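Beneath this line is the structure, given in structure tokens, with notes to follow.
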Amino acid sequence: MIDFLVFDTFTIVFSAVILIIAVLACFFTPYVRYRREDGEDAVVSEVPSLSVILTPHDEADKLEVCLPLLLRQNYPAGFQVIVVIEEGEHETEDLVKRIQGELSDKPGDGSLYMTYIPDSSRYMSRKKLAMTLGVKAAKTEWVLFTEPYSRPSSDEWLLTMAQRCSEGTDMVIGYGNYEETTPAFKRFERLNMAYYLMREDTKGIAYTTLSHNILLRKSLFMEQEGFRGNLELIRGEYDFLVNKYATETGTVLVTNHEAWMTDDEPSRKTWLNKHIFYAETRKTLSRSGRHRVWFNVDQIALHASLLLIVSGIVFGALAMNLVVLAAAAIALIASWVVRSCMGFKAMKRFEEYIPFLAIYPFQLSLVWHNLNYLIRHRFADKLDFTTHKQ
């Protein structure tokens with residue numbers, strides 16, 4: 001008769017190791033290294049005048065939704081929205097002129113100004129050129145970069161961001177998310193990575209940002225020549241701005257709900273391109289190696305514990321060792337439940353509601369999605385990433 005309940009030294013030690021490592025691995029997660037705390041930074045008593053820069057490209061439909069929301073901001077200090085477009089975008093031009101006319105009849109705290117990208121410019125990202133022209137057109141010290149497909153969460157968005165513009169601050173990074181109709185994995189991946197970035201924002205030097213919600217001093221941008229060092233790359237504007245201009249003491253993160261910006265759901269093409277282009281952009285970014293350390297450690301701990309659990313299940317089944325099999329099964333269930341609880345709570349802090357049972361599989365799939373993006377980047381035409389086509 002076969003004895004399924006074996007309690008020899010190997011069985012006890014192997015079972016204990018599986019359980020202990022499974023539990024310890026659960027704490028290798030960005031959710032325990034950063035916790036959201038609204039209002040952790042002192043606010044200024046008097047906010048400055050500022051300029052909001054928009055650089056649409058054939059996005060009149062999105063601009064029609066976005067512009068009124070920006071111009072309705074409650075901001076007593078006064079602000080100007082600067083729209084930079086290419087000549088020939090008649091639909092966008094007509095829209096801006098119509099809204100300018102409506103503003104003259106019903107003035108508020110904001111004004112609207114439009115300027116154009118010259119046709120003669122070459123060998124430079126049109127997006128970065130448009131953002132640079134927007135900064136040059138601004139008459140204020142503080143400029144805020146955002147996008148037509150991003151919408152402020154409230155009419156206090158601008159005020160909440162500007163309240164962090166203290167004398168010793170050069171950059172204010174606001175939180176951003178996707179609209180709630182976006183598939184769960186895309187919302188999960190964005191917020192999961194945001195946890196790594198927000199920790200760096202508050203406990204080191206900011207690396208990049210996933211949001212389109214950045215306040216920056218114009219004088220700093222002009223003194224350090226804007227996007228110099230990244231001009232030839234077609235994308236990566238917000239990544240580069242944060243990476244270049246962030247400092248340990250001069251950068252502030254704002255997570256107050258009033259300051260959130262919500263992006264439209266990205267199409268599959270937009271989603272893939274964002275990740276593939278980032279693989280190229282990060283070559284020009286400082287602190288990339290340091291940034292990836294914790295993600296790599298977390299993924300190694302996650303997959304090593306799962307591999308150990310699977311090994312225990314296979315060994316227990318083949319050796320008909322019920323003790324090891326039970327320990328491995330308990331470890332798998334415990335890992336799934338604990339990680340799901342921690343992830344669900346972390347997502348809830350930012351009002352993201354991801355299916356509870358999907359969180360653990362989503363965590364496991366992150367590294368494989370990243371591998372897919374890197375492979376796509378490896379076999380992509382490198383001329384697609386640059387304005388220098390020769």
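Chain labels follow the order of the structure tokens: the first chain is A, the next B, and so on; residue numbering restarts at 1 in every chain, and ligands are counted from 1 in their shown order.
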**Message:** With only C-alpha atoms as the counted atoms, please give the residues lying no more than 7 Å from A:Thr209, apart from itself and same-chain residues fewer than 2 positions off, as a ChimeraX atom specification.
**Reply:** /A:197,211,238-239,242
**Request:** For A:Cys66, please output as a list of chain:residue names all residues within 9 Å (counting only C-alpha atoms; exclusion window: fewer than 3 positions along the same chain).
**Result:** A:Asp61, A:Lys62, A:Leu63, A:Leu69, A:Leu70, A:Leu71, A:Glu147, A:Pro148, A:Tyr149, A:Ser150, A:Arg151, A:Pro152
Output of the above residues as a PDB file, in the first residue's frame, restricted to C-alpha atoms:
```pdb
ATOM      1  CA  ASP A  61     -13.143  66.406 -32.743  1.00  0.00           C
ATOM      2  CA  LYS A  62     -11.149  65.815 -29.548  1.00  0.00           C
ATOM      3  CA  LEU A  63     -10.265  69.494 -29.255  1.00  0.00           C
ATOM      4  CA  LEU A  69     -13.297  71.951 -20.256  1.00  0.00           C
ATOM      5  CA  LEU A  70      -9.946  73.726 -20.076  1.00  0.00           C
ATOM      6  CA  LEU A  71     -11.420  77.188 -20.549  1.00  0.00           C
ATOM      7  CA  GLU A 147      -3.174  66.802 -24.940  1.00  0.00           C
ATOM      8  CA  PRO A 148      -6.523  67.173 -26.769  1.00  0.00           C
ATOM      9  CA  TYR A 149      -7.462  63.595 -25.822  1.00  0.00           C
ATOM     10  CA  SER A 150      -6.990  64.328 -22.100  1.00  0.00           C
ATOM     11  CA  ARG A 151      -9.790  65.759 -19.975  1.00  0.00           C
ATOM     12  CA  PRO A 152      -9.480  67.398 -16.533  1.00  0.00           C
TER      13      PRO A 152
END
```
**Request:** Tell me which of A:Ala328, A:Val254, A:Met131, A:Ala334 sits closest to A:Glu237, counting only C-alpha atoms.
**Result:** A:Met131
**Message:** Give me, as number ranges by chain, all polymer residues having an atom no more than 9 Å from A:Gly168, counting only C-alpha atoms and skipping those fewer than 2 positions away in the same chain.
**Reply:** A: 165-166, 170, 249-251
Output for the residues just chosen: C-alpha atoms as an mmCIF file, in the first residue's frame:
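Result file follows (again08.cif):
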```
data_model
loop_
_atom_site.group_PDB
_atom_site.id
_atom_site.type_symbol
_atom_site.label_atom_id
_atom_site.label_comp_id
_atom_site.auth_asym_id
_atom_site.auth_seq_id
_atom_site.Cartn_x
_atom_site.Cartn_y
_atom_site.Cartn_z
ATOM 1 C CA CYS A 165 4.242 76.081 -7.796
ATOM 2 C CA SER A 166 6.375 77.177 -4.865
ATOM 3 C CA ASP A 170 10.601 73.749 -11.118
ATOM 4 C CA THR A 249 14.132 68.644 -4.645
ATOM 5 C CA GLY A 250 12.523 70.693 -7.421
ATOM 6 C CA THR A 251 9.936 68.195 -8.660
#
```
**Asked** So how many Å separate atom CA of A:Ile300 and atom CA of A:Gly176, to one decimal?
**Response** 28.1 Å
**DSSP alpha helix (DSSP H) selection over stretch 172-303 of chain A, as JSON, numbers by chain** = {"A": [184, 185, 186, 187, 188, 189, 190, 191, 192, 193, 194, 195, 196, 197, 198, 199, 200, 201, 202, 203, 218, 219, 220, 221, 222, 223, 237, 238, 239, 240, 241, 242, 243, 244, 245, 268, 269, 270, 271, 272, 273, 274, 275, 276, 277, 278, 279, 280, 281, 288, 289, 290, 291, 292, 293, 294, 295, 296, 297, 298, 299, 300, 301, 302, 303]}
